[in-house]
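Q: This is the content of upload_26.txt (compact mmCIF, C-alpha atoms):
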# COMPACT_ATOMS: atom_id res chain seq x y z
CA MET A 1 181.46 193.57 36.05
CA LYS A 2 179.19 190.57 36.06
CA ILE A 3 178.25 189.70 39.65
CA LEU A 4 176.45 186.60 40.92
CA PHE A 5 174.82 186.58 44.37
CA VAL A 6 174.28 183.17 45.98
CA ILE A 7 171.90 182.71 48.92
CA ARG A 8 170.03 179.70 50.23
CA ASP A 9 166.61 181.36 49.95
CA MET A 10 164.92 184.77 49.86
CA PHE A 11 162.40 184.13 52.61
CA MET A 12 161.39 187.00 54.88
CA GLY A 13 164.23 188.23 57.08
CA GLY A 14 166.93 190.86 57.41
CA ALA A 15 169.58 189.01 55.38
CA GLY A 16 167.46 188.78 52.25
CA LYS A 17 166.41 192.40 52.56
CA GLN A 18 170.00 193.60 52.73
CA LEU A 19 171.00 191.42 49.77
CA ALA A 20 168.20 192.96 47.69
CA LEU A 21 169.33 196.50 48.58
CA THR A 22 173.02 195.75 47.92
CA ALA A 23 172.33 194.01 44.60
CA SER A 24 170.16 196.91 43.42
CA SER A 25 172.89 199.43 44.31
CA LEU A 26 175.40 197.47 42.20
CA VAL A 27 173.03 197.52 39.23
CA ASP A 28 172.82 201.31 39.66
CA ARG A 29 176.61 201.42 39.33
CA GLY A 30 176.56 199.68 35.97
CA HIS A 31 177.16 196.07 36.97
CA LYS A 32 175.19 193.16 35.56
CA VAL A 33 173.77 191.34 38.57
CA TYR A 34 172.39 187.82 38.95
CA LEU A 35 170.73 186.28 41.99
CA TYR A 36 170.69 182.51 42.53
CA THR A 37 168.74 180.69 45.26
CA TYR A 38 169.26 176.97 45.70
CA ILE A 39 166.24 176.29 47.93
CA GLY A 40 162.97 177.16 46.23
CA ALA A 41 161.78 180.10 44.17
CA SER A 42 159.85 182.01 46.84
CA LEU A 43 160.82 185.69 46.65
CA GLU A 44 159.48 187.22 49.86
CA HIS A 45 161.61 190.32 49.27
CA ARG A 46 161.04 192.57 46.30
CA ILE A 47 164.09 192.63 44.04
CA ASP A 48 165.03 195.12 41.36
CA SER A 49 163.55 194.12 37.99
CA ARG A 50 166.99 194.60 36.41
CA ILE A 51 168.43 191.74 38.49
CA ILE A 52 168.37 188.39 36.69
CA TYR A 53 166.89 185.84 39.09
CA ILE A 54 167.78 182.16 38.82
CA ALA A 55 165.93 179.69 41.07
CA GLU A 56 167.24 176.15 41.38
CA LYS A 57 164.82 173.68 39.83
CA ASN A 58 166.42 170.56 41.33
CA VAL A 59 165.71 171.50 44.93
CA PRO A 60 167.24 169.05 47.45
CA THR A 61 164.65 167.11 49.45
CA SER A 62 166.79 166.71 52.59
CA LYS A 63 169.60 168.46 54.43
CA LEU A 64 172.02 165.71 53.42
CA LYS A 65 171.17 166.12 49.73
CA GLU A 66 171.43 169.90 50.11
CA TYR A 67 175.03 169.63 51.30
CA LEU A 68 175.93 166.93 48.79
CA PHE A 69 174.43 168.33 45.59
CA THR A 70 174.25 172.12 45.97
CA PRO A 71 177.97 172.72 45.16
CA PHE A 72 177.44 170.93 41.83
CA HIS A 73 174.36 173.06 41.12
CA ILE A 74 176.34 176.23 41.89
CA HIS A 75 179.18 175.05 39.65
CA ARG A 76 176.67 174.64 36.83
CA VAL A 77 175.23 178.14 37.39
CA ILE A 78 178.73 179.69 37.47
CA ASN A 79 179.55 178.07 34.11
CA GLN A 80 176.23 179.31 32.76
CA VAL A 81 176.51 182.92 34.00
CA LYS A 82 180.33 183.26 33.82
CA PRO A 83 180.50 185.98 36.49
CA ASP A 84 183.61 187.94 37.41
CA ILE A 85 182.72 187.68 41.09
CA ALA A 86 180.31 185.49 43.07
CA ILE A 87 179.10 186.73 46.47
CA SER A 88 177.70 184.33 49.04
CA TRP A 89 175.26 185.53 51.68
CA ARG A 90 175.53 183.73 55.06
CA ALA A 91 177.68 180.75 56.02
CA ASN A 92 175.64 177.96 54.43
CA ALA A 93 175.82 179.66 51.02
CA GLY A 94 179.45 180.62 51.63
CA CYS A 95 180.45 177.00 52.09
CA MET A 96 178.52 175.89 49.01
CA LEU A 97 180.02 178.66 46.87
CA VAL A 98 183.64 177.94 47.84
CA LEU A 99 183.13 174.27 46.90
CA GLY A 100 181.06 175.04 43.80
CA ALA A 101 183.60 177.55 42.47
CA ILE A 102 186.48 175.07 42.45
CA GLY A 103 187.98 174.93 38.96
CA THR A 104 186.03 177.92 37.63
CA GLY A 105 188.68 180.60 38.21
CA ILE A 106 186.21 183.17 39.57
CA SER A 107 186.68 185.24 42.72
CA THR A 108 184.42 184.42 45.67
CA VAL A 109 183.37 186.90 48.33
CA PHE A 110 181.71 185.76 51.55
CA SER A 111 179.28 188.06 53.38
CA GLU A 112 178.57 186.92 56.94
CA ARG A 113 175.16 188.12 58.10
CA SER A 114 174.95 186.56 61.54
CA ASP A 115 177.22 185.62 64.45
CA PRO A 116 179.69 182.77 63.86
CA TYR A 117 180.63 182.65 67.55
CA MET A 118 177.11 181.55 68.55
CA GLU A 119 176.73 178.78 65.96
CA THR A 120 176.07 175.39 67.59
CA ASN A 121 174.97 173.37 64.55
CA MET A 122 177.91 171.11 63.65
CA MET A 123 177.32 171.30 59.90
CA LEU A 124 177.28 175.10 59.99
CA LYS A 125 180.40 175.13 62.16
CA VAL A 126 182.12 173.16 59.41
CA ALA A 127 180.62 175.54 56.85
CA THR A 128 182.27 178.55 58.54
CA LYS A 129 185.66 176.84 58.28
CA ILE A 130 185.15 176.34 54.53
CA CYS A 131 184.01 179.98 54.15
CA ASP A 132 187.46 180.96 55.41
CA TYR A 133 188.82 179.91 52.00
CA SER A 134 186.87 182.58 50.11
CA ASP A 135 188.89 185.18 48.20
CA GLY A 136 187.40 188.06 50.14
CA GLY A 137 184.86 188.88 52.81
CA VAL A 138 182.42 191.59 53.87
CA PHE A 139 181.45 191.70 57.54
CA GLN A 140 179.14 193.87 59.60
CA THR A 141 181.39 194.06 62.68
CA SER A 142 185.11 193.71 63.37
CA LYS A 143 184.46 190.92 65.86
CA ALA A 144 182.69 188.82 63.24
CA CYS A 145 185.50 189.49 60.76
CA ASN A 146 188.16 188.37 63.23
CA TYR A 147 186.50 184.97 63.63
CA TYR A 148 187.74 184.05 60.14
CA HIS A 149 191.50 183.94 60.73
CA ARG A 150 192.58 183.21 57.17
CA LEU A 151 190.07 185.55 55.54
CA SER A 152 190.12 188.54 57.87
CA SER A 153 193.24 190.17 56.37
CA LYS A 154 191.57 190.19 52.94
CA SER A 155 188.22 191.43 54.19
CA VAL A 156 186.43 194.67 54.94
CA VAL A 157 183.85 195.75 57.53
CA ILE A 158 180.80 197.43 56.00
CA PRO A 159 177.66 197.92 58.13
CA ASN A 160 174.12 197.77 56.83
CA PRO A 161 172.64 200.97 55.39
CA VAL A 162 169.58 202.57 56.96
CA GLY A 163 167.50 202.07 53.80
CA LEU A 164 167.16 203.70 50.44
CA ASP A 165 166.63 207.19 51.83
CA LEU A 166 166.51 209.23 54.99
CA ASN A 167 162.96 210.56 54.61
CA PHE A 168 161.95 210.02 58.21
CA PRO A 169 158.28 209.89 59.15
CA LYS A 170 156.91 212.49 61.53
CA ILE A 171 157.69 211.65 65.14
CA GLU A 172 154.52 210.80 66.99
CA ASN A 173 154.02 212.45 70.36
CA ILE A 174 155.64 210.11 72.87
CA GLU A 175 152.95 210.57 75.53
CA SER A 176 149.99 209.96 73.22
CA ARG A 177 151.26 206.70 71.70
CA LYS A 178 149.78 203.28 72.27
CA LYS A 179 150.82 201.70 75.55
CA GLU A 180 152.59 199.02 73.58
CA ILE A 181 156.03 197.45 73.70
CA ALA A 182 156.90 196.19 70.22
CA TRP A 183 159.04 193.13 69.49
CA VAL A 184 159.85 192.42 65.83
CA GLY A 185 161.59 189.44 64.26
CA ARG A 186 161.59 185.75 63.47
CA ILE A 187 159.87 183.64 66.12
CA ALA A 188 162.93 181.44 66.68
CA ASN A 189 163.94 181.25 70.32
CA LYS A 190 167.49 179.94 69.86
CA GLN A 191 168.53 183.30 68.43
CA LYS A 192 165.78 185.79 69.19
CA ARG A 193 165.05 184.73 72.79
CA MET A 194 161.37 185.57 73.01
CA ASP A 195 161.42 183.85 76.42
CA ILE A 196 163.67 186.64 77.72
CA ALA A 197 161.28 189.24 76.28
CA LEU A 198 158.33 187.55 78.00
CA LYS A 199 160.09 187.28 81.35
CA ALA A 200 161.00 190.97 81.10
CA PHE A 201 157.43 191.89 80.19
CA GLN A 202 156.09 189.90 83.14
CA ILE A 203 158.07 192.25 85.41
CA ILE A 204 157.05 195.34 83.40
CA HIS A 205 153.37 194.36 83.57
CA LYS A 206 153.42 194.30 87.37
CA GLN A 207 154.62 197.92 87.40
CA LEU A 208 152.74 199.15 84.32
CA PRO A 209 149.58 197.00 84.08
CA ASP A 210 148.09 199.00 81.19
CA TYR A 211 150.96 198.08 78.85
CA THR A 212 150.90 195.28 76.28
CA LEU A 213 153.60 193.36 74.41
CA SER A 214 153.12 192.90 70.67
CA PHE A 215 155.08 190.33 68.67
CA TYR A 216 155.41 191.14 64.96
CA GLY A 217 156.78 188.10 63.14
CA ASP A 218 156.38 184.40 62.54
CA GLY A 219 158.51 181.30 62.86
CA VAL A 220 159.05 177.76 64.03
CA ASP A 221 158.57 178.46 67.75
CA MET A 222 155.20 180.21 67.52
CA GLN A 223 153.20 177.52 69.33
CA TRP A 224 155.89 177.16 71.97
CA ILE A 225 155.96 180.87 72.79
CA LYS A 226 152.16 181.09 72.83
CA LYS A 227 152.13 178.29 75.42
CA MET A 228 154.65 180.24 77.49
CA VAL A 229 152.34 183.26 77.36
CA THR A 230 149.49 181.12 78.69
CA ASP A 231 151.69 179.55 81.37
CA LEU A 232 152.64 183.04 82.58
CA ASN A 233 148.95 184.08 82.51
CA LEU A 234 149.69 186.95 80.14
CA GLN A 235 147.32 186.01 77.31
CA ASN A 236 145.26 189.21 77.77
CA TYR A 237 148.34 191.39 77.47
CA VAL A 238 150.55 189.71 74.84
CA PHE A 239 149.47 189.74 71.19
CA PHE A 240 150.79 188.11 68.01
CA HIS A 241 150.34 190.04 64.76
CA GLY A 242 152.34 187.93 62.29
CA VAL A 243 154.67 189.33 59.65
CA LYS A 244 153.84 192.91 58.73
CA LYS A 245 155.13 194.92 55.79
CA GLY A 246 155.92 198.58 56.38
CA ILE A 247 156.98 197.93 59.97
CA VAL A 248 158.29 201.49 60.41
CA ASP A 249 154.77 202.86 60.00
CA ILE A 250 153.54 200.39 62.61
CA ILE A 251 156.10 200.76 65.37
CA LYS A 252 156.17 204.56 65.18
CA TYR A 253 153.05 204.40 67.34
CA SER A 254 154.69 202.03 69.86
CA ARG A 255 156.10 203.37 73.11
CA ILE A 256 159.26 201.29 72.91
CA LEU A 257 161.05 198.65 70.80
CA MET A 258 162.49 195.70 72.73
CA LEU A 259 165.20 193.46 71.28
CA SER A 260 166.05 190.32 73.28
CA SER A 261 168.35 188.40 70.93
CA ASP A 262 171.44 186.40 71.90
CA TYR A 263 173.04 187.10 68.53
CA GLU A 264 172.44 189.21 65.43
CA GLY A 265 174.43 190.79 62.65
CA ILE A 266 173.51 194.45 62.67
CA PRO A 267 169.85 194.32 63.79
CA ASN A 268 167.78 195.87 61.01
CA ILE A 269 164.89 196.38 63.39
CA ILE A 270 166.95 198.76 65.53
CA ILE A 271 167.68 200.83 62.43
CA GLU A 272 163.96 200.77 61.55
CA ALA A 273 163.06 201.84 65.10
CA PHE A 274 165.49 204.75 64.81
CA ILE A 275 163.79 205.77 61.56
CA ALA A 276 160.36 205.39 63.17
CA GLY A 277 161.35 207.51 66.17
CA THR A 278 160.78 204.69 68.65
CA PRO A 279 163.11 204.35 71.67
CA VAL A 280 165.06 201.07 71.84
CA VAL A 281 166.14 198.82 74.70
CA ALA A 282 168.25 195.90 73.47
CA THR A 283 170.37 193.06 74.76
CA ASP A 284 174.10 193.23 74.06
CA CYS A 285 173.80 190.53 71.41
CA SER A 286 176.93 188.97 69.93
CA PRO A 287 178.99 189.95 67.95
CA GLY A 288 178.25 193.56 68.85
CA GLY A 289 175.68 194.79 66.31
CA ALA A 290 173.35 196.37 68.86
CA ARG A 291 176.23 198.14 70.58
CA LEU A 292 177.43 199.43 67.20
CA LEU A 293 174.09 201.21 66.79
CA ILE A 294 173.32 202.15 70.38
CA ASP A 295 175.58 204.37 72.45
CA ASN A 296 174.35 203.23 75.85
CA GLU A 297 172.38 205.89 77.74
CA ARG A 298 172.75 208.32 74.82
CA ASN A 299 170.40 207.01 72.12
CA GLY A 300 169.02 203.92 73.85
CA PHE A 301 169.85 201.27 76.41
CA VAL A 302 171.96 198.14 75.96
CA VAL A 303 171.68 195.54 78.72
CA PRO A 304 173.62 192.32 79.32
CA MET A 305 172.53 189.39 77.14
CA ARG A 306 169.81 187.22 78.77
CA ASP A 307 169.41 189.61 81.72
CA TYR A 308 165.62 189.93 81.63
CA LYS A 309 165.54 191.90 84.90
CA ALA A 310 167.82 194.59 83.46
CA LEU A 311 165.82 194.56 80.22
CA ALA A 312 162.61 195.15 82.19
CA ALA A 313 164.14 197.87 84.39
CA GLN A 314 165.42 199.90 81.45
CA CYS A 315 162.15 199.55 79.55
CA VAL A 316 160.28 200.92 82.57
CA LYS A 317 162.78 203.76 82.88
CA VAL A 318 162.22 204.79 79.25
CA ILE A 319 158.44 204.51 79.50
CA GLU A 320 158.23 206.57 82.70
CA ASP A 321 160.51 209.36 81.47
CA PRO A 322 159.22 211.10 78.30
CA LYS A 323 162.15 213.53 78.35
CA LEU A 324 164.61 210.61 78.27
CA SER A 325 162.61 209.00 75.46
CA ASN A 326 162.65 212.15 73.33
CA GLY A 327 166.38 212.53 73.89
CA PHE A 328 166.96 208.96 72.68
CA ILE A 329 164.85 209.60 69.59
CA GLN A 330 166.76 212.72 68.58
CA GLN A 331 170.17 211.13 69.17
CA SER A 332 169.14 207.99 67.26
CA ARG A 333 168.33 209.97 64.17
CA THR A 334 171.70 211.71 64.41
CA LYS A 335 173.39 208.30 64.69
CA LEU A 336 171.77 207.14 61.46
CA LYS A 337 173.75 209.69 59.46
CA LEU A 338 176.71 207.32 59.83
CA PHE A 339 174.79 204.64 57.90
CA GLU A 340 173.59 206.60 54.88
CA PRO A 341 173.23 204.29 51.85
CA GLN A 342 175.40 206.35 49.52
CA GLY A 343 178.55 205.79 51.58
CA ILE A 344 177.75 202.16 52.43
CA PHE A 345 177.14 201.10 48.84
CA LYS A 346 180.13 203.09 47.60
CA ALA A 347 182.29 201.00 49.98
CA TRP A 348 180.75 197.79 48.61
CA ASN A 349 181.44 198.84 45.02
CA GLU A 350 185.04 199.88 45.73
CA TYR A 351 185.80 196.61 47.52
CA LEU A 352 184.32 194.46 44.76
CA MET A 353 186.19 196.42 42.10
CA LYS A 354 189.40 195.79 44.05
CA ILE A 355 188.68 192.04 44.22
CA GLY A 356 187.77 191.99 40.52
CA ASP A 357 190.93 193.84 39.50
CA SER A 358 193.03 191.46 41.59
CA ASN A 359 191.44 188.44 39.93
CA HIS A 360 191.97 189.96 36.47
CA PHE A 361 195.64 190.56 37.27
CA MET A 362 196.09 186.94 38.40
CA LYS A 363 194.51 185.65 35.18
CA GLU A 364 196.73 187.92 33.07
CA SER A 365 199.82 186.71 34.97
CA ASN A 366 198.93 183.11 34.27
Output the structure of this file as structure tokens.

A:
Amino acid sequence: MKILFVIRDMFMGGAGKQLALTASSLVDRGHKVYLYTYIGASLEHRIDSRIIYIAEKNVPTSKLKEYLFTPFHIHRVINQVKPDIAISWRANAGCMLVLGAIGTGISTVFSERSDPYMETNMMLKVATKICDYSDGGVFQTSKACNYYHRLSSKSVVIPNPVGLDLNFPKIENIESRKKEIAWVGRIANKQKRMDIALKAFQIIHKQLPDYTLSFYGDGVDMQWIKKMVTDLNLQNYVFFHGVKKGIVDIIKYSRILMLSSDYEGIPNIIIEAFIAGTPVVATDCSPGGARLLIDNERNGFVVPMRDYKALAAQCVKVIEDPKLSNGFIQQSRTKLKLFEPQGIFKAWNEYLMKIGDSNHFMKESN
């Protein structure tokens, strides 16, 4: 089949990474794959050289123009590529694709990569309603799937894979690691809640004064969170390292990975921490991605969302108990067997073939 992926941009982040992996797997299965971005041509994720990349040249200069003109741009690209299926990645692209595909006769598949329940932006709330008119959907959790009432019966739940292989690095001795708590992600407080991480670390620091908190990432709230660090008088213990490639090889020396988000899809950083052999303490972020990966008290801790006191207490418990930490590490690697790429990408291929066959049958009937 000829498959077109549509995403707003390929800037650094988990969604773009998973698109690149999924698209590459479909090329491996004999499909001809195109990738279209309608905001800029910055590829911050490496994509397979066999994927045909199309970057929109007429980039909208405002949000209003983006919503007004992007469906027409997508319609043009669909007529140019003539795909059998077009797959949108995230709600903004899903809305644009449904509108842009009108009159083309192609099947559209929407892949939600975040949490629709936590969306407060009015335009994106409207976008999720339009996504409900896609021909099919791929979701990371059942809860996210059930948000889309019209689409859910035609959709499938497929979690993220762990990566391209399961060649785990050597586990570093837990007691000889850096006295560092790692936090990895976009510096965007609305979703990632760095303020919760800092409040938790403030408590941890009083009990374990030799420990530091390291932020790996960048984003719109960088100056705001740095000010909070200063206000809490933690500037000698909290460090900002920016975006780092090869994060697994960095956090494998950390004592713990903290996730403080209010919402996520399936958090890629938890998967990467499992691969690295780094214990995880995470908030129970909506719509359930962290809990899908972590069996509480078996391969990590999940604490109530926004409960920084519980987050701090469980981090201290993991740090002070090497036996508990090593147990979490071993169980985490066992858990990852459920997310091996071969099975995940096979499910993607089978679902898309089903959608493609259905569309072909409808065309033949007409």

Q: Have a look at A:Asp84, A:Glu180, A:Glu119, A:Asp28 and name the one nearest to Gly356 in chain A; count only C-alpha atoms.

A: A:Asp84

Q: From the set A:Leu257, A:Pro287, A:Ile106, A:Asn236, which residue has the shortest atom-to-atom contact distance to Phe139 in chain A, counting only C-alpha atoms?

A: A:Pro287

Q: For Phe72 in chain A, list every protein, DNA or RNA residue within 12 Å, evaluated using only C-alpha atoms, and leave out those in the same chain fewer than 5 positions away; present the list as a list in words.

A: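 Non-adjacent residues within range: Tyr38, Glu56, Asn58, Pro60, Lys65, Glu66, Tyr67, Val77, Ile78, Asn79, Met96, Leu97, Val98, Leu99, Gly100, Ala101, Ile102, Gly103 and Thr104 of chain A.
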
Q: Using CA of Thr212 in chain A and CA of Leu232 in chain A as the two end points, give the distance in Å to one decimal.

A: 13.9 Å

Q: Choose the residue, out of A:Thr108, A:Thr128, A:Ser152, A:Gln18, that has the smallest atom-to-atom separation from Ala91 in chain A; count all atoms listed in the file.

A: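 Result for the nearest residue to Ala91 in chain A: A:Thr128.
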
Q: Measuring between only C-alpha atoms, which one of A:Lys244, A:Ser260, A:Ile269, A:Met122 shows the shortest distance to Ala188 in chain A?

A: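 Counting only C-alpha atoms, the residue closest to Ala188 in chain A is A:Ser260.
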
Q: Please list as a short mmCIF file (atom, residue, chain, number, x, y, z; two decimals) with C-alpha atoms, in the coordinates of the input every residue within 9 Å of Asp221 in chain A, counting only C-alpha atoms and excluding residues in the same chain fewer than 3 positions away.

A:
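The result, written out as result.cif:
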data_model
loop_
_atom_site.label_atom_id
_atom_site.label_comp_id
_atom_site.auth_asym_id
_atom_site.auth_seq_id
_atom_site.Cartn_x
_atom_site.Cartn_y
_atom_site.Cartn_z
CA ARG A 186 161.59 185.75 63.47
CA ILE A 187 159.87 183.64 66.12
CA ALA A 188 162.93 181.44 66.68
CA ASN A 189 163.94 181.25 70.32
CA ASP A 218 156.38 184.40 62.54
CA TRP A 224 155.89 177.16 71.97
CA ILE A 225 155.96 180.87 72.79
CA LYS A 226 152.16 181.09 72.83
#

Q: Pick out the residues sitting within 12 Å of Val81 in chain A, and hand them over as a count of residues only; count all atoms listed in the file, and ignore anything fewer than 6 positions along from it in its own chain.

A: 17

Q: Suppose you want the space between CA of Arg255 in chain A and CA of Ala182 in chain A; what is it in Å?

A: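 One can read the CA of Arg255 in chain A to CA of Ala182 in chain A distance as 7.8 Å.
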